[in-house]
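Before any comments, here is the structure.
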Amino acid sequence: MCLAVPGKVVGVFERDGTQMARVDFGGVVKDVCLAYVPEAEEGEYVIVHVGFALQRLDEESARASLRLFGELGLLEEEFGDPWSRAAAEAGLTDEPAAGRTAALAPQEPR
């Protein structure tokens, strides 16, 4: 499944003439293209689909979406380690396949 996932912009930079950002998805940080939302700034939240930020989002909505995705196991499905998940599903580890989802849940601000 492919999701449009909210994430927090933790850095903005340029790569080969394209506006980019480092985006934190509750502990998983990825590089994202800002071509569709070049006005996004560090500290803001964006909705990301297949590596492209599609729109900005307020923090409350982003946190609510991440919390729900985490509860449903969708963050693990989207960002989890497929090899570990496959091993757990095959019964080759003691850890349940969905047991790592909590690590991907949004962290409260410090």
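Labels used: A, B, ... for chains in the order of the structure tokens, numbers from 1 for residues in each chain, and numbers from 1 for ligands as shown.
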
Thr18 in chain A surroundings by only C-alpha atoms, 10 Å radius, close-in-sequence under 6 positions cut, as a CSV table (one decimal) with all heavy atoms, in the first residue's frame:
chain,number,residue,atom,x,y,z
A,33,CYS,N,11.3,15.7,-2.1
A,33,CYS,CA,11.3,16.8,-3.0
A,33,CYS,C,10.2,17.8,-2.6
A,33,CYS,O,9.1,17.4,-2.4
A,33,CYS,CB,11.0,16.2,-4.4
A,33,CYS,SG,11.0,17.5,-5.7
A,34,LEU,N,10.6,19.1,-2.6
A,34,LEU,CA,9.7,20.2,-2.3
A,34,LEU,C,9.2,20.9,-3.6
A,34,LEU,O,8.7,22.0,-3.4
A,34,LEU,CB,10.3,21.2,-1.3
A,34,LEU,CG,10.6,20.7,0.1
A,34,LEU,CD1,11.2,21.8,0.9
A,34,LEU,CD2,9.4,20.1,0.7
A,35,ALA,N,9.3,20.3,-4.7
A,35,ALA,CA,8.9,21.0,-6.0
A,35,ALA,C,7.5,21.5,-5.9
A,35,ALA,O,7.2,22.6,-6.5
A,35,ALA,CB,9.1,20.1,-7.2
A,38,PRO,N,7.4,24.6,-2.5
A,38,PRO,CA,8.7,25.2,-2.3
A,38,PRO,C,8.8,26.1,-1.1
A,38,PRO,O,9.8,26.4,-0.6
A,38,PRO,CB,9.1,25.9,-3.6
A,38,PRO,CG,7.7,26.1,-4.2
A,38,PRO,CD,6.9,25.0,-3.8

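Distance check against Val9 in chain A using only C-alpha atoms: of A:Tyr36, A:Phe69, A:Phe25, A:Tyr45, the minimum falls on A:Tyr45.
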